[in-house]
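Structure file my_file-v3.txt (compact mmCIF, C-alpha atoms) follows.
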# COMPACT_ATOMS: atom_id res chain seq x y z
CA MET A 1 62.37 -10.31 -20.41
CA ALA A 2 62.43 -13.67 -22.09
CA THR A 3 59.08 -14.46 -20.55
CA ASP A 4 57.54 -11.31 -21.99
CA GLN A 5 58.94 -12.13 -25.43
CA ALA A 6 57.54 -15.65 -25.20
CA LEU A 7 54.11 -14.33 -24.27
CA ALA A 8 54.22 -11.82 -27.11
CA ALA A 9 55.21 -14.52 -29.57
CA ALA A 10 52.47 -16.89 -28.41
CA PRO A 11 49.61 -17.14 -30.91
CA PRO A 12 46.21 -15.71 -29.89
CA PRO A 13 43.54 -18.19 -28.76
CA SER A 14 41.53 -19.64 -31.57
CA ARG A 15 37.82 -19.02 -32.07
CA ALA A 16 37.09 -22.62 -31.19
CA ALA A 17 38.85 -22.26 -27.85
CA THR A 18 37.04 -19.00 -27.13
CA ALA A 19 33.70 -20.55 -28.05
CA THR A 20 34.45 -23.55 -25.85
CA ALA A 21 35.26 -21.31 -22.87
CA THR A 22 32.13 -19.23 -23.48
CA GLY A 23 30.02 -22.37 -23.79
CA GLN A 24 31.38 -23.64 -20.49
CA ALA A 25 30.76 -20.29 -18.75
CA ALA A 26 27.16 -19.96 -19.97
CA PRO A 27 25.82 -23.04 -18.13
CA ARG A 28 27.74 -21.92 -15.06
CA ARG A 29 25.97 -18.55 -15.15
CA ILE A 30 22.63 -20.28 -15.60
CA LEU A 31 23.35 -22.50 -12.62
CA ASP A 32 24.39 -19.48 -10.55
CA ARG A 33 21.13 -17.61 -11.18
CA PRO A 34 18.95 -19.72 -8.81
CA GLY A 35 21.57 -19.27 -6.10
CA ALA A 36 21.62 -15.51 -6.62
CA LEU A 37 17.81 -15.43 -6.57
CA VAL A 38 17.66 -17.38 -3.31
CA ALA A 39 20.34 -15.13 -1.81
CA SER A 40 18.43 -11.96 -2.76
CA LEU A 41 15.25 -13.49 -1.38
CA THR A 42 16.73 -14.33 2.02
CA THR A 43 19.34 -11.65 2.65
CA ARG A 44 17.85 -8.28 1.59
CA GLN A 45 14.40 -6.91 2.29
CA THR A 46 12.99 -5.16 -0.76
CA SER A 47 10.36 -2.40 -1.02
CA LEU A 48 10.39 -1.51 2.68
CA HIS A 49 9.13 2.01 1.93
CA ALA A 50 6.35 0.65 -0.27
CA ALA A 51 5.30 -1.72 2.54
CA ALA A 52 5.20 1.24 4.92
CA VAL A 53 3.02 3.17 2.46
CA LEU A 54 0.64 0.22 2.26
CA ARG A 55 0.47 -0.01 6.06
CA ILE A 56 -0.17 3.71 6.52
CA GLY A 57 -2.57 3.90 3.58
CA TYR A 58 -4.79 0.96 4.47
CA GLY A 59 -4.75 1.77 8.17
CA ALA A 60 -5.80 5.37 7.50
CA LEU A 61 -8.36 4.35 4.86
CA TYR A 62 -10.07 1.80 7.10
CA LEU A 63 -9.98 4.22 10.03
CA ALA A 64 -11.69 6.86 7.90
CA PHE A 65 -14.22 4.23 6.80
CA LEU A 66 -15.07 3.30 10.40
CA LEU A 67 -15.39 6.93 11.44
CA ARG A 68 -17.49 7.74 8.37
CA GLU A 69 -19.92 4.92 9.15
CA PHE A 70 -20.00 5.58 12.89
CA PRO A 71 -23.50 7.12 12.81
CA HIS A 72 -24.74 4.11 10.79
CA ARG A 73 -22.83 1.36 12.60
CA GLN A 74 -25.94 -0.10 14.21
CA GLU A 75 -27.77 -0.45 10.88
CA ILE A 76 -24.76 -2.09 9.19
CA TRP A 77 -23.07 -4.29 11.82
CA GLY A 78 -25.12 -3.93 15.02
CA PRO A 79 -27.26 -6.61 16.70
CA GLU A 80 -30.44 -4.88 15.49
CA ALA A 81 -29.31 -4.58 11.87
CA PRO A 82 -31.59 -5.92 9.10
CA TRP A 83 -28.94 -8.57 8.42
CA THR A 84 -29.16 -10.04 11.91
CA PRO A 85 -26.39 -12.03 13.64
CA SER A 86 -28.47 -15.21 13.28
CA LEU A 87 -28.66 -14.75 9.50
CA ALA A 88 -24.91 -14.10 9.44
CA ARG A 89 -24.27 -17.33 11.37
CA GLN A 90 -26.41 -19.29 8.90
CA LEU A 91 -24.34 -17.87 6.06
CA PHE A 92 -21.14 -18.73 7.93
CA ASP A 93 -22.23 -22.38 8.01
CA GLN A 94 -22.21 -22.35 4.20
CA THR A 95 -19.20 -20.14 3.50
CA GLY A 96 -16.92 -20.98 6.43
CA TRP A 97 -16.47 -17.35 7.46
CA ILE A 98 -16.20 -16.28 11.09
CA SER A 99 -16.64 -12.94 12.82
CA ILE A 100 -16.00 -11.72 16.33
CA LEU A 101 -19.12 -9.55 16.03
CA THR A 102 -21.42 -12.59 16.07
CA LEU A 103 -20.00 -14.07 19.29
CA SER A 104 -22.52 -12.08 21.32
CA ASP A 105 -25.72 -10.15 20.61
CA SER A 106 -25.08 -7.64 23.39
CA PRO A 107 -25.04 -3.97 22.31
CA ALA A 108 -22.23 -3.27 24.78
CA TYR A 109 -20.13 -6.03 23.24
CA PHE A 110 -20.68 -4.58 19.77
CA GLU A 111 -19.62 -1.11 20.91
CA SER A 112 -16.49 -2.60 22.47
CA CYS A 113 -15.65 -4.35 19.20
CA TYR A 114 -16.12 -1.10 17.30
CA VAL A 115 -13.79 0.77 19.64
CA LEU A 116 -11.28 -2.08 19.27
CA ALA A 117 -11.49 -1.79 15.48
CA VAL A 118 -10.83 1.97 15.57
CA LEU A 119 -7.92 1.46 17.95
CA ALA A 120 -6.43 -1.36 15.87
CA ALA A 121 -6.60 0.69 12.66
CA THR A 122 -4.98 3.68 14.37
CA LEU A 123 -2.11 1.72 15.93
CA PHE A 124 -1.52 -0.23 12.72
CA MET A 125 -1.33 3.02 10.77
CA LEU A 126 1.18 4.46 13.25
CA GLY A 127 3.26 1.28 13.26
CA TRP A 128 3.13 0.51 16.99
CA ARG A 129 4.00 -3.15 17.68
CA THR A 130 3.35 -3.78 14.01
CA ARG A 131 3.67 -7.56 14.15
CA VAL A 132 0.83 -7.88 16.63
CA MET A 133 -1.20 -4.99 15.23
CA SER A 134 -1.08 -6.40 11.69
CA LEU A 135 -2.69 -9.64 12.91
CA LEU A 136 -5.29 -7.72 14.92
CA PHE A 137 -6.02 -5.38 12.02
CA ALA A 138 -6.52 -8.34 9.64
CA ALA A 139 -8.85 -10.02 12.14
CA VAL A 140 -10.88 -6.81 12.51
CA VAL A 141 -11.19 -6.26 8.76
CA ALA A 142 -12.19 -9.90 8.18
CA SER A 143 -14.76 -9.78 10.99
CA PHE A 144 -16.48 -6.59 9.82
CA HIS A 145 -16.39 -7.77 6.21
CA ALA A 146 -17.97 -11.12 7.07
CA ARG A 147 -20.61 -9.61 9.37
CA ALA A 148 -22.19 -7.52 6.58
CA ILE A 149 -20.80 -9.05 3.42
CA PHE A 150 -23.67 -7.72 1.26
CA MET A 151 -23.01 -4.10 2.27
CA SER A 152 -19.64 -3.81 0.53
CA ASP A 153 -18.77 -1.93 -2.66
CA GLY A 154 -15.63 -3.86 -3.61
CA GLY A 155 -13.18 -1.64 -1.78
CA ASP A 156 -13.27 -3.65 1.43
CA ASN A 157 -12.52 -6.80 -0.56
CA VAL A 158 -9.19 -5.27 -1.63
CA ILE A 159 -8.49 -4.05 1.91
CA LEU A 160 -9.23 -7.54 3.25
CA LEU A 161 -6.76 -9.18 0.87
CA MET A 162 -4.04 -6.61 1.51
CA SER A 163 -4.45 -6.76 5.28
CA LEU A 164 -3.87 -10.52 5.15
CA TYR A 165 -0.80 -10.15 2.93
CA LEU A 166 0.67 -7.39 5.09
CA CYS A 167 0.80 -9.78 8.05
CA CYS A 168 3.73 -11.49 6.30
CA THR A 169 5.64 -8.31 5.52
CA ALA A 170 7.99 -6.16 7.59
CA CYS A 171 5.78 -3.12 7.05
CA GLY A 172 6.91 -1.53 10.32
CA ARG A 173 10.60 -1.14 9.36
CA ARG A 174 10.08 2.33 7.87
CA TRP A 175 8.07 5.40 8.90
CA SER A 176 6.67 3.88 12.08
CA LEU A 177 6.94 4.06 15.85
CA ASP A 178 8.68 0.69 15.76
CA ALA A 179 11.36 2.08 13.43
CA ARG A 180 11.90 5.03 15.74
CA ARG A 181 12.28 2.74 18.74
CA ALA A 182 14.66 0.47 16.79
CA ARG A 183 16.90 3.44 15.91
CA ARG A 184 17.13 4.46 19.56
CA ARG A 185 17.97 0.91 20.61
CA ALA A 186 20.62 0.64 17.89
CA ALA A 187 22.23 3.88 19.08
CA ALA A 188 22.27 2.65 22.68
CA ARG A 189 23.65 -0.73 21.59
CA THR A 190 26.44 1.00 19.68
CA VAL A 191 27.47 2.89 22.81
CA ASP A 192 27.48 -0.31 24.87
CA ALA A 193 29.47 -2.19 22.22
CA SER A 194 32.17 0.47 22.20
CA SER A 195 32.75 -0.02 25.92
CA SER A 196 32.58 -3.82 26.08
CA ARG A 197 32.97 -6.58 23.54
CA THR A 198 30.88 -9.76 23.57
CA GLU A 199 31.62 -12.91 21.68
CA PRO A 200 28.90 -14.13 19.30
CA GLY A 201 26.98 -17.07 20.64
CA LEU A 202 23.73 -18.93 20.37
CA ARG A 203 21.70 -15.76 20.81
CA HIS A 204 23.31 -14.20 17.74
CA GLN A 205 22.68 -17.31 15.67
CA VAL A 206 19.02 -17.34 16.68
CA ALA A 207 18.72 -13.64 15.81
CA ALA A 208 20.33 -14.25 12.40
CA SER A 209 17.96 -17.15 11.66
CA ARG A 210 14.99 -15.05 12.72
CA GLU A 211 16.09 -12.19 10.46
CA THR A 212 16.45 -14.59 7.52
CA LEU A 213 12.92 -15.90 8.10
CA VAL A 214 11.49 -12.38 8.41
CA THR A 215 13.27 -11.29 5.23
CA THR A 216 12.01 -14.29 3.25
CA LEU A 217 8.41 -13.81 4.41
CA HIS A 218 8.56 -10.09 3.66
CA ASN A 219 9.87 -10.55 0.12
CA CYS A 220 7.33 -13.28 -0.62
CA GLY A 221 4.53 -11.14 0.80
CA MET A 222 5.45 -8.14 -1.34
CA PHE A 223 5.66 -10.36 -4.42
CA VAL A 224 2.18 -11.75 -3.70
CA ILE A 225 0.80 -8.22 -3.28
CA ALA A 226 2.26 -7.15 -6.63
CA ALA A 227 0.95 -10.30 -8.32
CA GLN A 228 -2.51 -9.72 -6.82
CA VAL A 229 -2.67 -6.19 -8.20
CA CYS A 230 -1.56 -7.41 -11.64
CA PHE A 231 -4.23 -10.10 -11.54
CA LEU A 232 -6.92 -7.57 -10.57
CA TYR A 233 -6.07 -5.22 -13.41
CA GLY A 234 -5.52 -7.95 -15.99
CA SER A 235 -8.72 -9.85 -15.20
CA ALA A 236 -10.77 -6.64 -15.11
CA GLY A 237 -9.44 -5.64 -18.52
CA LEU A 238 -10.08 -9.06 -20.04
CA TYR A 239 -13.64 -9.11 -18.70
CA LYS A 240 -14.25 -5.69 -20.24
CA VAL A 241 -12.96 -6.87 -23.61
CA GLN A 242 -15.66 -9.54 -23.68
CA GLY A 243 -18.44 -6.96 -23.28
CA SER A 244 -20.03 -5.28 -26.28
CA ALA A 245 -20.49 -1.97 -24.43
CA TRP A 246 -16.74 -1.63 -23.91
CA GLY A 247 -16.10 -2.73 -27.48
CA ASP A 248 -18.16 0.09 -29.00
CA GLY A 249 -17.04 2.68 -26.43
CA THR A 250 -20.44 3.26 -24.79
CA ALA A 251 -19.80 1.59 -21.41
CA LEU A 252 -19.01 4.81 -19.54
CA HIS A 253 -22.08 6.44 -21.10
CA TYR A 254 -24.33 3.88 -19.40
CA VAL A 255 -22.39 4.12 -16.13
CA LEU A 256 -22.76 7.90 -16.02
CA ASN A 257 -26.52 7.54 -16.38
CA LEU A 258 -27.05 5.10 -13.51
CA ASP A 259 -28.77 6.85 -10.60
CA LEU A 260 -27.09 4.50 -8.12
CA PHE A 261 -23.64 5.78 -9.18
CA ARG A 262 -24.38 9.48 -9.66
CA PRO A 263 -23.48 11.46 -6.52
CA TRP A 264 -23.15 14.58 -8.72
CA PRO A 265 -25.84 14.26 -11.43
CA ALA A 266 -25.02 17.62 -13.02
CA LEU A 267 -21.35 16.73 -13.36
CA SER A 268 -22.16 13.30 -14.81
CA LEU A 269 -24.56 14.86 -17.33
CA MET A 270 -21.99 17.47 -18.36
CA LEU A 271 -19.34 14.80 -19.03
CA ASP A 272 -21.82 12.57 -20.83
CA ASN A 273 -22.48 15.33 -23.36
CA HIS A 274 -18.92 14.89 -24.70
CA GLN A 275 -19.45 11.59 -26.50
CA MET A 276 -16.01 11.44 -28.12
CA ALA A 277 -14.23 11.95 -24.78
CA VAL A 278 -16.39 9.25 -23.16
CA ALA A 279 -15.55 6.78 -25.95
CA VAL A 280 -11.81 7.54 -25.69
CA ALA A 281 -11.93 7.11 -21.91
CA SER A 282 -13.69 3.76 -22.32
CA TYR A 283 -11.06 2.40 -24.71
CA LEU A 284 -8.21 3.84 -22.66
CA THR A 285 -9.49 2.14 -19.51
CA VAL A 286 -9.43 -1.26 -21.18
CA ILE A 287 -5.97 -0.69 -22.70
CA LEU A 288 -4.48 0.41 -19.38
CA GLN A 289 -5.84 -2.54 -17.44
CA VAL A 290 -4.84 -5.17 -19.99
CA ALA A 291 -1.38 -3.69 -20.60
CA PHE A 292 -0.56 -3.01 -16.95
CA PRO A 293 1.16 -6.37 -16.15
CA PHE A 294 3.36 -6.01 -19.25
CA VAL A 295 4.78 -2.53 -18.58
CA LEU A 296 6.06 -3.09 -15.04
CA PHE A 297 9.69 -3.61 -16.04
CA GLY A 298 10.18 -0.36 -17.95
CA ARG A 299 9.86 3.36 -17.50
CA LEU A 300 6.47 3.30 -19.17
CA LYS A 301 5.00 2.02 -15.91
CA TYR A 302 5.24 5.50 -14.35
CA ILE A 303 3.04 6.95 -17.08
CA VAL A 304 0.58 4.06 -16.72
CA LEU A 305 0.49 4.48 -12.92
CA ALA A 306 -0.21 8.20 -13.29
CA MET A 307 -3.06 7.49 -15.70
CA LEU A 308 -4.47 4.82 -13.37
CA LEU A 309 -4.31 7.33 -10.53
CA SER A 310 -6.39 9.75 -12.59
CA MET A 311 -8.82 6.96 -13.48
CA HIS A 312 -9.36 5.97 -9.84
CA ALA A 313 -9.76 9.61 -8.81
CA GLY A 314 -12.48 9.93 -11.46
CA ILE A 315 -14.19 6.77 -10.16
CA ALA A 316 -14.16 8.15 -6.62
CA VAL A 317 -15.70 11.48 -7.64
CA LEU A 318 -18.03 10.51 -10.48
CA LEU A 319 -19.27 7.12 -9.27
CA GLY A 320 -19.15 7.73 -5.52
CA LEU A 321 -16.77 4.83 -4.73
CA PRO A 322 -14.00 6.44 -2.66
CA LEU A 323 -13.23 3.30 -0.65
CA PHE A 324 -12.58 1.20 -3.74
CA SER A 325 -10.59 3.94 -5.47
CA GLY A 326 -8.50 4.61 -2.39
CA ALA A 327 -7.75 0.91 -1.94
CA MET A 328 -6.54 0.56 -5.53
CA ILE A 329 -4.48 3.78 -5.43
CA ILE A 330 -2.69 2.55 -2.30
CA ALA A 331 -2.13 -0.87 -3.88
CA ASP A 332 -0.44 0.77 -6.88
CA ALA A 333 2.21 2.16 -4.52
CA VAL A 334 3.84 -1.29 -4.36
CA PHE A 335 5.31 -0.76 -7.84
CA LEU A 336 7.24 2.41 -6.96
CA PRO A 337 10.90 1.71 -6.05
CA ASP A 338 12.52 2.58 -2.74
CA ARG A 339 14.68 5.23 -4.39
CA PHE A 340 11.50 7.14 -5.28
CA TYR A 341 10.34 7.15 -1.66
CA GLY A 342 13.86 7.93 -0.47
CA SER A 343 14.08 10.99 -2.71
CA LEU A 344 10.60 12.05 -1.61
CA GLU A 345 11.63 11.71 2.04
CA SER A 346 14.79 13.76 1.44
CA LEU A 347 12.76 16.45 -0.32
CA CYS A 348 10.33 16.66 2.60
CA ARG A 349 13.20 16.91 5.09
CA ARG A 350 14.89 19.69 3.14
CA SER A 351 11.63 21.60 2.87
CA PHE A 352 11.03 21.21 6.60
CA LYS A 353 14.55 22.38 7.43
CA ARG A 354 14.16 25.44 5.20
CA ALA A 355 10.86 26.31 6.84
CA ALA A 356 12.38 25.83 10.30
CA ALA A 357 15.45 27.93 9.39
CA LYS A 358 13.32 30.86 8.26
CA GLY A 359 11.44 30.88 11.54
CA PRO A 360 8.30 32.86 12.32
CA VAL A 361 8.06 36.36 10.96
CA SER A 362 8.24 38.91 13.75
CA CYS A 363 5.45 41.49 13.69
CA SER A 364 6.27 43.24 16.99
CA VAL A 365 6.45 47.01 17.22
CA PRO A 366 10.00 48.31 17.78
CA ASP A 367 10.85 49.64 21.21
CA ALA A 368 10.25 53.35 21.53
CA THR A 369 13.51 53.82 23.43
CA LEU A 370 15.46 52.73 20.35
CA VAL A 371 13.95 55.48 18.18
CA PRO A 372 16.08 58.61 18.21
CA PRO A 373 14.27 61.83 19.17
CA GLN A 374 12.95 63.83 16.27
CA PRO A 375 13.58 67.53 16.03
CA GLY A 376 10.48 69.63 16.55
CA ARG A 377 9.14 72.16 14.07
CA ALA A 378 9.92 75.75 14.47
CA GLY A 379 6.74 77.57 15.21
File written out as structure tokens:
Amino acid sequence: MATDQALAAAPPPSRAATATATGQAAPRRILDRPGALVASLTTRQTSLHAAAVLRIGYGALYLAFLLREFPHRQEIWGPEAPWTPSLARQLFDQTGWISILTLSDSPAYFESCYVLAVLAATLFMLGWRTRVMSLLFAAVVASFHARAIFMSDGGDNVILLMSLYLCCTACGRRWSLDARRARRRAAARTVDASSSRTEPGLRHQVAASRETLVTTLHNCGMFVIAAQVCFLYGSAGLYKVQGSAWGDGTALHYVLNLDLFRPWPALSLMLDNHQMAVAVASYLTVILQVAFPFVLFGRLKYIVLAMLLSMHAGIAVLLGLPLFSGAMIIADAVFLPDRFYGSLESLCRRSFKRAAAKGPVSCSVPDATLVPPQPGRAG
């Protein structure tokens, strides 16, 4: 009781003392921030769903590209192509590139490499042995890109960069065959652990060190991918600002009238007749690209991402560049948080369960024996 009275009678701390305590705590918080950043970098893998979307997206996109160009593979990458393997080797001496396609001029070897590329893209998309398949997929993309470097439209440049970055990420931890196998192993390991206990040893320490290394590489890889996308948009917007055609809003008018980028001439002509809409779209394109790196830390980024999605869809349809548009749309997925993909996954599961609960609609005719006899008419 006396202690409580003494505490009640004690004077409150002065402002100087409070300021001194706050001033001592502030540097401590500043010093703790690097430690917290390092801990988050090495202990928790971020954006695992986004990495899985990138893996599935680029694997499927490159697979579709290879299948689309299958009838023209000899003219683009084959030994008898106009850009011959000898010309490619001469260019490699200057640029330092290398390609598995130029190791032999045999047609059978080229066909084997093409089958290998299709298989690598498929397995990488499915997430089977993702660590190995990511390296093989990057080697395939780099080889086909280097073999016919003048045949690209810009989309394969983005796919090449992303395939190299994805080698450092844990892109097979979600929505993959590897994730399915890991869940089964974890369930079996849980059953074994319940029956027998094992003391942690050197094997557990090695596994923990390996997981720390994998986590660090994954987080760094995802950060590099996000920075690369920001650089692409920012540099493209700044280059457009320097051009007079984008400054007066007539850039898209000239683009819509280029025969090389008019797969649907009637559609391009119809849009070009709306001069005000073309000018607004030109200015809006520049604003979106320049402002993109500055809106990533707020809710405005979702609106900007939706508008960029519409822009890339328009580029794919109007300019005939589906590979480039698809590569950029997939790259934008890195900025969506895991909770978005988690809610999307839950929604898909609920929809699937509802559809499975309803079951197929039965259209069979009822058994005649279950129909009661009908009274006849009195004649």
Against segment 144-163 of chain A, which residues of segment 226-267 of chain A fall within 12 Å? For each one I want the closest pair of atoms and the distance in Å (one decimal), counting only C-alpha atoms, rows by chain and increasing residue number, as JSON lines.
{"residue": "A:Ala226", "atom": "CA", "partner": "A:Met162", "partner_atom": "CA", "distance": 10.3}
{"residue": "A:Ala227", "atom": "CA", "partner": "A:Met162", "partner_atom": "CA", "distance": 11.6}
{"residue": "A:Gln228", "atom": "CA", "partner": "A:Leu161", "partner_atom": "CA", "distance": 8.8}
{"residue": "A:Val229", "atom": "CA", "partner": "A:Val158", "partner_atom": "CA", "distance": 9.3}
{"residue": "A:Leu232", "atom": "CA", "partner": "A:Val158", "partner_atom": "CA", "distance": 9.5}
{"residue": "A:Leu260", "atom": "CA", "partner": "A:Asp153", "partner_atom": "CA", "distance": 11.8}
{"residue": "A:Phe261", "atom": "CA", "partner": "A:Asp153", "partner_atom": "CA", "distance": 11.2}
I'd like the interatomic distance between atom CA of Phe340 of chain A and atom CA of Trp128 of chain A, to a tenth of an Å. 24.7 Å
Go through segment 243-332 of chain A and flag each residue having an atom no more than 9 Å from segment 54-61 of chain A; for those, report the closest pair of atoms plus their distance in Å to one decimal, using all atoms listed in the file, ordered by chain and rising number, as CSV.
residue,atom,partner,partner_atom,distance
A:Leu323,CA,A:Leu61,CA,7.4
A:Gly326,CA,A:Leu61,CA,7.3
A:Ala327,CA,A:Tyr58,CA,7.1
A:Ile330,CA,A:Gly57,CA,6.0
A:Ala331,CA,A:Leu54,CA,6.8
Interatomic distance, atom CA of Pro71 of chain A to atom CA of Arg89 of chain A (Å, one decimal):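 Atom CA of Arg89 of chain A lies 24.5 Å from atom CA of Pro71 of chain A.
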Surrounding residues of Ser282 of chain A excluding itself and chain neighbours under 5 positions, 10 Å, only C-alpha atoms, as a list in words: Lys240, Ala245, Trp246, Gly247, Asp248, Gly249, Thr250, Ala251, Leu252, His253, Met276, Ala277 and Ile287 of chain A
Ranking A:Arg189, A:Arg68, A:Arg73, A:Arg174 by minimum distance to Tyr341 of chain A and counting all atoms listed in the file, which one comes first?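 Among the listed residues, the smallest separation from Tyr341 of chain A belongs to A:Arg174.
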Complete segment 200-225 of chain A at the level of N, CA and C atoms, written as a PDB file, in the frame of the given file.
ATOM      1  N   PRO A 200      30.156 -13.617  19.844  1.00  0.00           N
ATOM      2  CA  PRO A 200      28.900 -14.130  19.300  1.00  0.00           C
ATOM      3  C   PRO A 200      28.618 -15.530  19.811  1.00  0.00           C
ATOM      4  N   GLY A 201      27.362 -15.775  20.118  1.00  0.00           N
ATOM      5  CA  GLY A 201      26.980 -17.070  20.640  1.00  0.00           C
ATOM      6  C   GLY A 201      25.675 -17.544  20.064  1.00  0.00           C
ATOM      7  N   LEU A 202      24.981 -18.351  20.831  1.00  0.00           N
ATOM      8  CA  LEU A 202      23.730 -18.930  20.370  1.00  0.00           C
ATOM      9  C   LEU A 202      22.675 -17.858  20.135  1.00  0.00           C
ATOM     10  N   ARG A 203      22.699 -16.819  20.972  1.00  0.00           N
ATOM     11  CA  ARG A 203      21.700 -15.760  20.810  1.00  0.00           C
ATOM     12  C   ARG A 203      21.850 -15.056  19.462  1.00  0.00           C
ATOM     13  N   HIS A 204      23.079 -14.841  19.021  1.00  0.00           N
ATOM     14  CA  HIS A 204      23.310 -14.200  17.740  1.00  0.00           C
ATOM     15  C   HIS A 204      22.894 -15.096  16.583  1.00  0.00           C
ATOM     16  N   GLN A 205      23.094 -16.385  16.724  1.00  0.00           N
ATOM     17  CA  GLN A 205      22.680 -17.310  15.670  1.00  0.00           C
ATOM     18  C   GLN A 205      21.159 -17.364  15.555  1.00  0.00           C
ATOM     19  N   VAL A 206      20.489 -17.350  16.693  1.00  0.00           N
ATOM     20  CA  VAL A 206      19.020 -17.340  16.680  1.00  0.00           C
ATOM     21  C   VAL A 206      18.507 -16.044  16.051  1.00  0.00           C
ATOM     22  N   ALA A 207      19.141 -14.924  16.391  1.00  0.00           N
ATOM     23  CA  ALA A 207      18.720 -13.640  15.810  1.00  0.00           C
ATOM     24  C   ALA A 207      18.945 -13.626  14.297  1.00  0.00           C
ATOM     25  N   ALA A 208      20.065 -14.203  13.844  1.00  0.00           N
ATOM     26  CA  ALA A 208      20.330 -14.250  12.400  1.00  0.00           C
ATOM     27  C   ALA A 208      19.317 -15.127  11.680  1.00  0.00           C
ATOM     28  N   SER A 209      18.965 -16.263  12.272  1.00  0.00           N
ATOM     29  CA  SER A 209      17.960 -17.150  11.660  1.00  0.00           C
ATOM     30  C   SER A 209      16.594 -16.476  11.630  1.00  0.00           C
ATOM     31  N   ARG A 210      16.271 -15.753  12.692  1.00  0.00           N
ATOM     32  CA  ARG A 210      14.990 -15.050  12.720  1.00  0.00           C
ATOM     33  C   ARG A 210      14.948 -13.967  11.644  1.00  0.00           C
ATOM     34  N   GLU A 211      16.046 -13.248  11.472  1.00  0.00           N
ATOM     35  CA  GLU A 211      16.090 -12.190  10.460  1.00  0.00           C
ATOM     36  C   GLU A 211      15.967 -12.776   9.051  1.00  0.00           C
ATOM     37  N   THR A 212      16.580 -13.933   8.836  1.00  0.00           N
ATOM     38  CA  THR A 212      16.450 -14.590   7.520  1.00  0.00           C
ATOM     39  C   THR A 212      15.006 -14.982   7.258  1.00  0.00           C
ATOM     40  N   LEU A 213      14.331 -15.516   8.265  1.00  0.00           N
ATOM     41  CA  LEU A 213      12.920 -15.900   8.100  1.00  0.00           C
ATOM     42  C   LEU A 213      12.047 -14.689   7.847  1.00  0.00           C
ATOM     43  N   VAL A 214      12.282 -13.608   8.587  1.00  0.00           N
ATOM     44  CA  VAL A 214      11.490 -12.380   8.410  1.00  0.00           C
ATOM     45  C   VAL A 214      11.709 -11.813   7.012  1.00  0.00           C
ATOM     46  N   THR A 215      12.959 -11.814   6.557  1.00  0.00           N
ATOM     47  CA  THR A 215      13.270 -11.290   5.230  1.00  0.00           C
ATOM     48  C   THR A 215      12.594 -12.105   4.133  1.00  0.00           C
ATOM     49  N   THR A 216      12.636 -13.421   4.260  1.00  0.00           N
ATOM     50  CA  THR A 216      12.010 -14.290   3.250  1.00  0.00           C
ATOM     51  C   THR A 216      10.501 -14.076   3.208  1.00  0.00           C
ATOM     52  N   LEU A 217       9.869 -14.028   4.372  1.00  0.00           N
ATOM     53  CA  LEU A 217       8.410 -13.810   4.410  1.00  0.00           C
ATOM     54  C   LEU A 217       8.046 -12.438   3.848  1.00  0.00           C
ATOM     55  N   HIS A 218       8.850 -11.441   4.162  1.00  0.00           N
ATOM     56  CA  HIS A 218       8.560 -10.090   3.660  1.00  0.00           C
ATOM     57  C   HIS A 218       8.640 -10.050   2.135  1.00  0.00           C
ATOM     58  N   ASN A 219       9.713 -10.580   1.576  1.00  0.00           N
ATOM     59  CA  ASN A 219       9.870 -10.550   0.120  1.00  0.00           C
ATOM     60  C   ASN A 219       8.769 -11.336  -0.584  1.00  0.00           C
ATOM     61  N   CYS A 220       8.422 -12.489  -0.025  1.00  0.00           N
ATOM     62  CA  CYS A 220       7.330 -13.280  -0.620  1.00  0.00           C
ATOM     63  C   CYS A 220       6.001 -12.534  -0.508  1.00  0.00           C
ATOM     64  N   GLY A 221       5.774 -11.882   0.633  1.00  0.00           N
ATOM     65  CA  GLY A 221       4.530 -11.140   0.800  1.00  0.00           C
ATOM     66  C   GLY A 221       4.407  -9.981  -0.169  1.00  0.00           C
ATOM     67  N   MET A 222       5.491  -9.240  -0.395  1.00  0.00           N
ATOM     68  CA  MET A 222       5.450  -8.140  -1.340  1.00  0.00           C
ATOM     69  C   MET A 222       5.262  -8.646  -2.778  1.00  0.00           C
ATOM     70  N   PHE A 223       5.863  -9.784  -3.079  1.00  0.00           N
ATOM     71  CA  PHE A 223       5.660 -10.360  -4.420  1.00  0.00           C
ATOM     72  C   PHE A 223       4.200 -10.774  -4.615  1.00  0.00           C
ATOM     73  N   VAL A 224       3.587 -11.339  -3.593  1.00  0.00           N
ATOM     74  CA  VAL A 224       2.180 -11.750  -3.700  1.00  0.00           C
ATOM     75  C   VAL A 224       1.283 -10.527  -3.862  1.00  0.00           C
ATOM     76  N   ILE A 225       1.593  -9.445  -3.146  1.00  0.00           N
ATOM     77  CA  ILE A 225       0.800  -8.220  -3.280  1.00  0.00           C
ATOM     78  C   ILE A 225       0.881  -7.679  -4.707  1.00  0.00           C
TER      79      ILE A 225
END
